[in-house]
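> I'd like to ask you about the structure that follows.
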Amino acid sequence: MAELVEYVQSELRRLADPEKAPQMAAYLKTDMPFYGVQTPARRALGRDLRKQFPPQSAAEYRSQIEALWQLPHREEKYLAIGVAAAHRDFITFEQIDLYQRLVSEGAWWDLVDAVASGIIGKVVLNERSRMRPLLDEWIDCDDMWLRRTAIICQLEHKDQTDVDMLFDYCRRRSFEKEFFIRKAIGWALRQYARTDPEAVTGFLIEHREQLSGLSFREAAKHLSL
């Protein structure tokens, strides 16, 4: 992993723009340091990284993610998530403890959401019977970011969405005042409305009094309500 880390850090230093770094941190309201590498350059680096250091096993995949995740800069954590998402053959239930760690330690939308929908969502789609008990724990747990993950993990599932689970989770957290939960409910419902607008419309009408104004507005954005 030392070679991987050295490559990533040397390239990020080469691409760094120290003037942009504080602006990026301010935008995300974080004290975590940035190199100041803009998204297009970082994504290009991620593609090069995956070509030069393709993991040969699930253990190596995990080690690469952990090696990058423990580095101090935000861009390094983005690259860790990029590695996690890119190698689909290794995205399995056996890695779920690692993905849960990325959510809990990431603890902010720019890190959590990519893991929730782009990575954990794939595990949910492929291994629903194993994931459902865990998601049922997350939706009621103290970690707000895991609750958010349980709500938005099906964003990319379209007609394979477990609708009963989606609606159940939205109902169960509808009382929350936490902005990121209210936003997640609206986002998840709005996304599924692209697949089944009638079902979401019915849900919104039935639960209008329970849902926050934010959740309702976000969910109904493209519906005739």
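As shown in the structure tokens, the chain order sets the letters A, B, ...; within each chain, residues go from 1, and ligands are also counted from 1 in the order they appear.
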Just the residues within 7 Å of region 204-220 of chain A, please, counting only C-alpha atoms, with nothing from its chain fewer than 4 positions along; format it as an mmCIF file with C-alpha atoms, in the first residue's frame.

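As a result, part21.cif now contains:
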```
data_model
loop_
_atom_site.group_PDB
_atom_site.id
_atom_site.type_symbol
_atom_site.label_atom_id
_atom_site.label_comp_id
_atom_site.auth_asym_id
_atom_site.auth_seq_id
_atom_site.Cartn_x
_atom_site.Cartn_y
_atom_site.Cartn_z
ATOM 1 C CA SER A 174 -41.106 11.529 9.187
ATOM 2 C CA PHE A 175 -41.213 13.056 12.674
ATOM 3 C CA ARG A 182 -35.995 15.473 6.026
ATOM 4 C CA LYS A 183 -34.037 16.144 2.857
ATOM 5 C CA ILE A 185 -36.943 11.503 2.639
ATOM 6 C CA GLY A 186 -37.859 14.033 -0.020
ATOM 7 C CA TRP A 187 -34.952 13.018 -2.236
ATOM 8 C CA LEU A 189 -39.375 9.780 -2.780
ATOM 9 C CA ARG A 190 -38.701 12.215 -5.624
ATOM 10 C CA VAL A 200 -45.457 8.359 -4.603
ATOM 11 C CA LEU A 225 -49.797 18.118 -6.219
#
```
> If we count only C-alpha atoms, what is near region 116-127 of chain A at a cut-off of 6 Å, once residues fewer than 5 positions away on the same chain are taken out, given as a list in words?
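Selected residues are Ala85, Thr92, Thr149, Cys153, Gln154 and Leu155 of chain A.
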> Using N, CA, C and O atoms, can you write the selected residues to a file as an mmCIF file, in the first residue's frame?

```
data_model
loop_
_atom_site.group_PDB
_atom_site.id
_atom_site.type_symbol
_atom_site.label_atom_id
_atom_site.label_comp_id
_atom_site.auth_asym_id
_atom_site.auth_seq_id
_atom_site.Cartn_x
_atom_site.Cartn_y
_atom_site.Cartn_z
ATOM 1 N N ALA A 85 -16.098 2.235 -5.067
ATOM 2 C CA ALA A 85 -17.224 2.179 -6.003
ATOM 3 C C ALA A 85 -16.852 1.566 -7.340
ATOM 4 O O ALA A 85 -17.718 1.015 -8.031
ATOM 5 N N THR A 92 -19.506 -6.362 -1.957
ATOM 6 C CA THR A 92 -20.307 -7.469 -1.432
ATOM 7 C C THR A 92 -20.667 -7.219 0.031
ATOM 8 O O THR A 92 -20.129 -6.311 0.685
ATOM 9 N N THR A 149 -28.570 6.914 5.287
ATOM 10 C CA THR A 149 -28.153 5.885 4.340
ATOM 11 C C THR A 149 -29.280 4.878 4.098
ATOM 12 O O THR A 149 -29.525 4.475 2.955
ATOM 13 N N CYS A 153 -30.439 4.617 0.190
ATOM 14 C CA CYS A 153 -29.615 3.580 -0.440
ATOM 15 C C CYS A 153 -30.240 3.022 -1.717
ATOM 16 O O CYS A 153 -29.552 2.366 -2.506
ATOM 17 N N GLN A 154 -31.528 3.269 -1.950
ATOM 18 C CA GLN A 154 -32.176 2.738 -3.151
ATOM 19 C C GLN A 154 -32.336 3.778 -4.260
ATOM 20 O O GLN A 154 -33.091 3.549 -5.208
ATOM 21 N N LEU A 155 -31.628 4.866 -4.193
ATOM 22 C CA LEU A 155 -31.794 5.944 -5.172
ATOM 23 C C LEU A 155 -31.635 5.471 -6.612
ATOM 24 O O LEU A 155 -32.295 5.984 -7.517
#
```
> Would you please work out which residue, of A:Ile151, A:Val112, A:Met32, A:Ala84, is nearest to Trp138 (chain A) when using only C-alpha atoms?
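For Trp138 (chain A), the nearest of the given residues is A:Ile151.
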> Between CA of Gln191 (chain A) and CA of Leu111 (chain A), what distance in Å does the model show, to one decimal?
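Taking CA of Gln191 (chain A) as the start and CA of Leu111 (chain A) as the end point, the length is 19.7 Å.
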> Extract, using only C-alpha atoms, all DNA, RNA and protein residues at most 9 Å from region 1-6 of chain A, discarding same-chain residues fewer than 6 positions from it, and format them as a VMD selection string.
chain A and resid 49 52 to 53 60 63 to 64 67 to 68 71
> Output as an MDAnalysis selection string all residues of chain A that backbone DSSP marks as helix (DSSP H, G or I).
chainID A and resid 2:15 21:28 39:52 58:69 74:86 88:90 93:106 109:126 128:138 144:152 158:160 163:172 179:193 197:206 213:219
> Would you compute the distance between CA of Pro40 (chain A) and CA of Asp89 (chain A)? Give it in Å to one decimal.
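CA of Pro40 (chain A) sits 25.4 Å away from CA of Asp89 (chain A).
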> Name all residues at most 12 Å from region 11-21 of chain A (count only C-alpha atoms; drop same-chain ones fewer than 2 positions away) and give them as an MDAnalysis selection string.
chainID A and resid 4:9 23:28 30:46 48:49 73:76 78:79
> Based on the selection just made, write N, CA and C atoms of those residues as a compact mmCIF listing (two decimals), in the first residue's frame.

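Okay, again-v3.txt is ready:
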```txt
# COMPACT_ATOMS: atom_id res chain seq x y z
N LEU A 4 1.02 2.84 -3.41
CA LEU A 4 -0.26 3.46 -3.74
C LEU A 4 -0.40 4.81 -3.06
N VAL A 5 -0.13 4.86 -1.79
CA VAL A 5 -0.25 6.10 -1.03
C VAL A 5 0.72 7.16 -1.55
N GLU A 6 1.95 6.76 -1.83
CA GLU A 6 2.94 7.71 -2.34
C GLU A 6 2.49 8.28 -3.68
N TYR A 7 1.96 7.43 -4.54
CA TYR A 7 1.48 7.89 -5.84
C TYR A 7 0.36 8.91 -5.68
N VAL A 8 -0.61 8.59 -4.85
CA VAL A 8 -1.75 9.48 -4.65
C VAL A 8 -1.31 10.81 -4.07
N GLN A 9 -0.50 10.78 -3.05
CA GLN A 9 -0.11 12.03 -2.40
C GLN A 9 0.78 12.89 -3.30
N GLN A 23 -11.30 27.73 0.27
CA GLN A 23 -12.63 27.94 -0.28
C GLN A 23 -13.43 26.63 -0.29
N MET A 24 -12.76 25.55 -0.65
CA MET A 24 -13.42 24.24 -0.70
C MET A 24 -13.82 23.79 0.70
N ALA A 25 -12.95 24.02 1.67
CA ALA A 25 -13.27 23.66 3.05
C ALA A 25 -14.43 24.50 3.58
N ALA A 26 -14.43 25.80 3.23
CA ALA A 26 -15.51 26.68 3.68
C ALA A 26 -16.85 26.26 3.09
N TYR A 27 -16.85 25.88 1.83
CA TYR A 27 -18.09 25.46 1.17
C TYR A 27 -18.70 24.26 1.88
N LEU A 28 -17.85 23.33 2.30
CA LEU A 28 -18.34 22.11 2.96
C LEU A 28 -18.42 22.26 4.48
N THR A 30 -16.15 22.40 6.79
CA THR A 30 -15.32 21.40 7.45
C THR A 30 -13.95 21.96 7.78
N ASP A 31 -13.36 21.43 8.84
CA ASP A 31 -11.98 21.77 9.20
C ASP A 31 -10.99 20.81 8.56
N MET A 32 -11.47 19.80 7.87
CA MET A 32 -10.57 18.84 7.23
C MET A 32 -9.78 19.54 6.13
N PRO A 33 -8.47 19.31 6.05
CA PRO A 33 -7.68 20.01 5.04
C PRO A 33 -7.95 19.52 3.62
N PHE A 34 -7.81 20.44 2.68
CA PHE A 34 -7.89 20.14 1.25
C PHE A 34 -6.55 20.45 0.60
N TYR A 35 -6.26 19.75 -0.48
CA TYR A 35 -5.15 20.14 -1.34
C TYR A 35 -5.57 21.30 -2.25
N GLY A 36 -6.84 21.36 -2.55
CA GLY A 36 -7.34 22.34 -3.50
C GLY A 36 -7.39 21.78 -4.92
N VAL A 37 -7.61 20.48 -5.04
CA VAL A 37 -7.70 19.82 -6.35
C VAL A 37 -9.17 19.81 -6.78
N GLN A 38 -9.44 20.39 -7.93
CA GLN A 38 -10.80 20.47 -8.43
C GLN A 38 -11.31 19.10 -8.90
N THR A 39 -12.63 18.97 -8.96
CA THR A 39 -13.26 17.68 -9.25
C THR A 39 -12.79 17.05 -10.56
N PRO A 40 -12.72 17.76 -11.69
CA PRO A 40 -12.28 17.09 -12.93
C PRO A 40 -10.89 16.48 -12.82
N ALA A 41 -9.96 17.22 -12.22
CA ALA A 41 -8.59 16.72 -12.07
C ALA A 41 -8.55 15.54 -11.10
N ARG A 42 -9.34 15.61 -10.05
CA ARG A 42 -9.38 14.50 -9.09
C ARG A 42 -9.97 13.25 -9.72
N ARG A 43 -10.99 13.41 -10.51
CA ARG A 43 -11.60 12.24 -11.17
C ARG A 43 -10.63 11.61 -12.16
N ALA A 44 -9.88 12.44 -12.88
CA ALA A 44 -8.88 11.91 -13.81
C ALA A 44 -7.81 11.14 -13.04
N LEU A 45 -7.40 11.68 -11.90
CA LEU A 45 -6.43 10.97 -11.06
C LEU A 45 -7.02 9.64 -10.58
N GLY A 46 -8.29 9.64 -10.22
CA GLY A 46 -8.93 8.41 -9.78
C GLY A 46 -8.92 7.34 -10.87
N ASP A 48 -6.73 7.09 -13.33
CA ASP A 48 -5.34 6.63 -13.45
C ASP A 48 -4.98 5.68 -12.31
N LEU A 49 -5.44 6.04 -11.12
CA LEU A 49 -5.15 5.22 -9.94
C LEU A 49 -5.71 3.81 -10.11
N HIS A 73 -6.44 14.32 4.13
CA HIS A 73 -7.09 15.30 3.26
C HIS A 73 -8.40 14.79 2.67
N ARG A 74 -9.28 15.73 2.38
CA ARG A 74 -10.60 15.38 1.84
C ARG A 74 -10.48 14.67 0.49
N GLU A 75 -9.61 15.15 -0.37
CA GLU A 75 -9.46 14.53 -1.68
C GLU A 75 -9.02 13.07 -1.58
N GLU A 76 -8.23 12.76 -0.57
CA GLU A 76 -7.78 11.37 -0.38
C GLU A 76 -8.97 10.49 -0.01
N TYR A 78 -12.09 11.14 -0.92
CA TYR A 78 -12.87 10.99 -2.16
C TYR A 78 -12.29 9.87 -3.02
N LEU A 79 -10.99 9.80 -3.09
CA LEU A 79 -10.35 8.75 -3.89
C LEU A 79 -10.58 7.37 -3.27
```
> So what do you get for CA of Asp164 (chain A) versus CA of Trp108 (chain A), distance-wise?
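According to the coordinates, CA of Asp164 (chain A) and CA of Trp108 (chain A) are separated by 27.2 Å.
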> Counting only C-alpha atoms, which residue out of A:His87, A:Arg50, A:Lys77, A:Arg62 sits closest to Gly106 (chain A)?
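Answer, going by the shortest atom-to-atom distance: A:Lys77.
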> Write out as a ChimeraX atom specification each polymer residue whose atoms come within 9 Å of region 139-141 of chain A, counting only C-alpha atoms; drop sequence neighbours fewer than 2 positions from it.
/A:134-137,143-144,146-151,169,172-173
> Write a file of the just-selected residues containing N, CA, C and O atoms, as a short mmCIF file (atom, residue, chain, number, x, y, z; two decimals), in the first residue's frame.

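See again-v8.cif below for the written result:
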```cif
data_model
loop_
_atom_site.label_atom_id
_atom_site.label_comp_id
_atom_site.auth_asym_id
_atom_site.auth_seq_id
_atom_site.Cartn_x
_atom_site.Cartn_y
_atom_site.Cartn_z
N LEU A 134 -30.01 -5.44 8.68
CA LEU A 134 -29.07 -4.38 9.02
C LEU A 134 -29.68 -3.00 8.77
O LEU A 134 -29.55 -2.10 9.60
N LEU A 135 -30.35 -2.85 7.64
CA LEU A 135 -31.01 -1.57 7.36
C LEU A 135 -32.10 -1.27 8.38
O LEU A 135 -32.30 -0.11 8.77
N ASP A 136 -32.79 -2.30 8.84
CA ASP A 136 -33.79 -2.11 9.88
C ASP A 136 -33.17 -1.61 11.18
O ASP A 136 -33.82 -0.89 11.95
N GLU A 137 -31.92 -2.00 11.42
CA GLU A 137 -31.21 -1.46 12.58
C GLU A 137 -30.80 -0.01 12.33
O GLU A 137 -30.95 0.86 13.20
N ASP A 143 -26.96 6.97 15.00
CA ASP A 143 -26.12 7.62 13.98
C ASP A 143 -27.01 8.15 12.86
O ASP A 143 -27.56 7.40 12.06
N MET A 144 -27.15 9.47 12.82
CA MET A 144 -28.02 10.09 11.82
C MET A 144 -27.61 9.74 10.40
O MET A 144 -28.46 9.60 9.50
N LEU A 146 -26.27 6.98 9.29
CA LEU A 146 -26.73 5.63 8.95
C LEU A 146 -28.24 5.63 8.70
O LEU A 146 -28.73 4.92 7.81
N ARG A 147 -28.98 6.44 9.45
CA ARG A 147 -30.41 6.58 9.17
C ARG A 147 -30.61 7.15 7.76
O ARG A 147 -31.45 6.68 7.00
N ARG A 148 -29.85 8.16 7.43
CA ARG A 148 -29.94 8.75 6.09
C ARG A 148 -29.59 7.71 5.02
O ARG A 148 -30.25 7.63 3.98
N THR A 149 -28.57 6.91 5.29
CA THR A 149 -28.15 5.88 4.34
C THR A 149 -29.28 4.88 4.10
O THR A 149 -29.52 4.48 2.96
N ALA A 150 -29.96 4.46 5.15
CA ALA A 150 -31.06 3.51 5.00
C ALA A 150 -32.15 4.07 4.10
O ALA A 150 -32.77 3.34 3.32
N ILE A 151 -32.37 5.38 4.16
CA ILE A 151 -33.42 6.02 3.36
C ILE A 151 -33.01 6.17 1.91
O ILE A 151 -33.80 5.93 0.99
N TYR A 169 -39.62 3.27 5.76
CA TYR A 169 -38.55 4.07 6.35
C TYR A 169 -38.89 5.56 6.34
O TYR A 169 -38.58 6.29 7.29
N ARG A 172 -41.33 6.10 9.15
CA ARG A 172 -40.74 5.94 10.48
C ARG A 172 -39.87 7.13 10.89
O ARG A 172 -39.72 7.39 12.09
N ARG A 173 -39.33 7.84 9.94
CA ARG A 173 -38.48 9.00 10.27
C ARG A 173 -39.15 10.33 9.96
O ARG A 173 -38.52 11.38 10.05
#
```
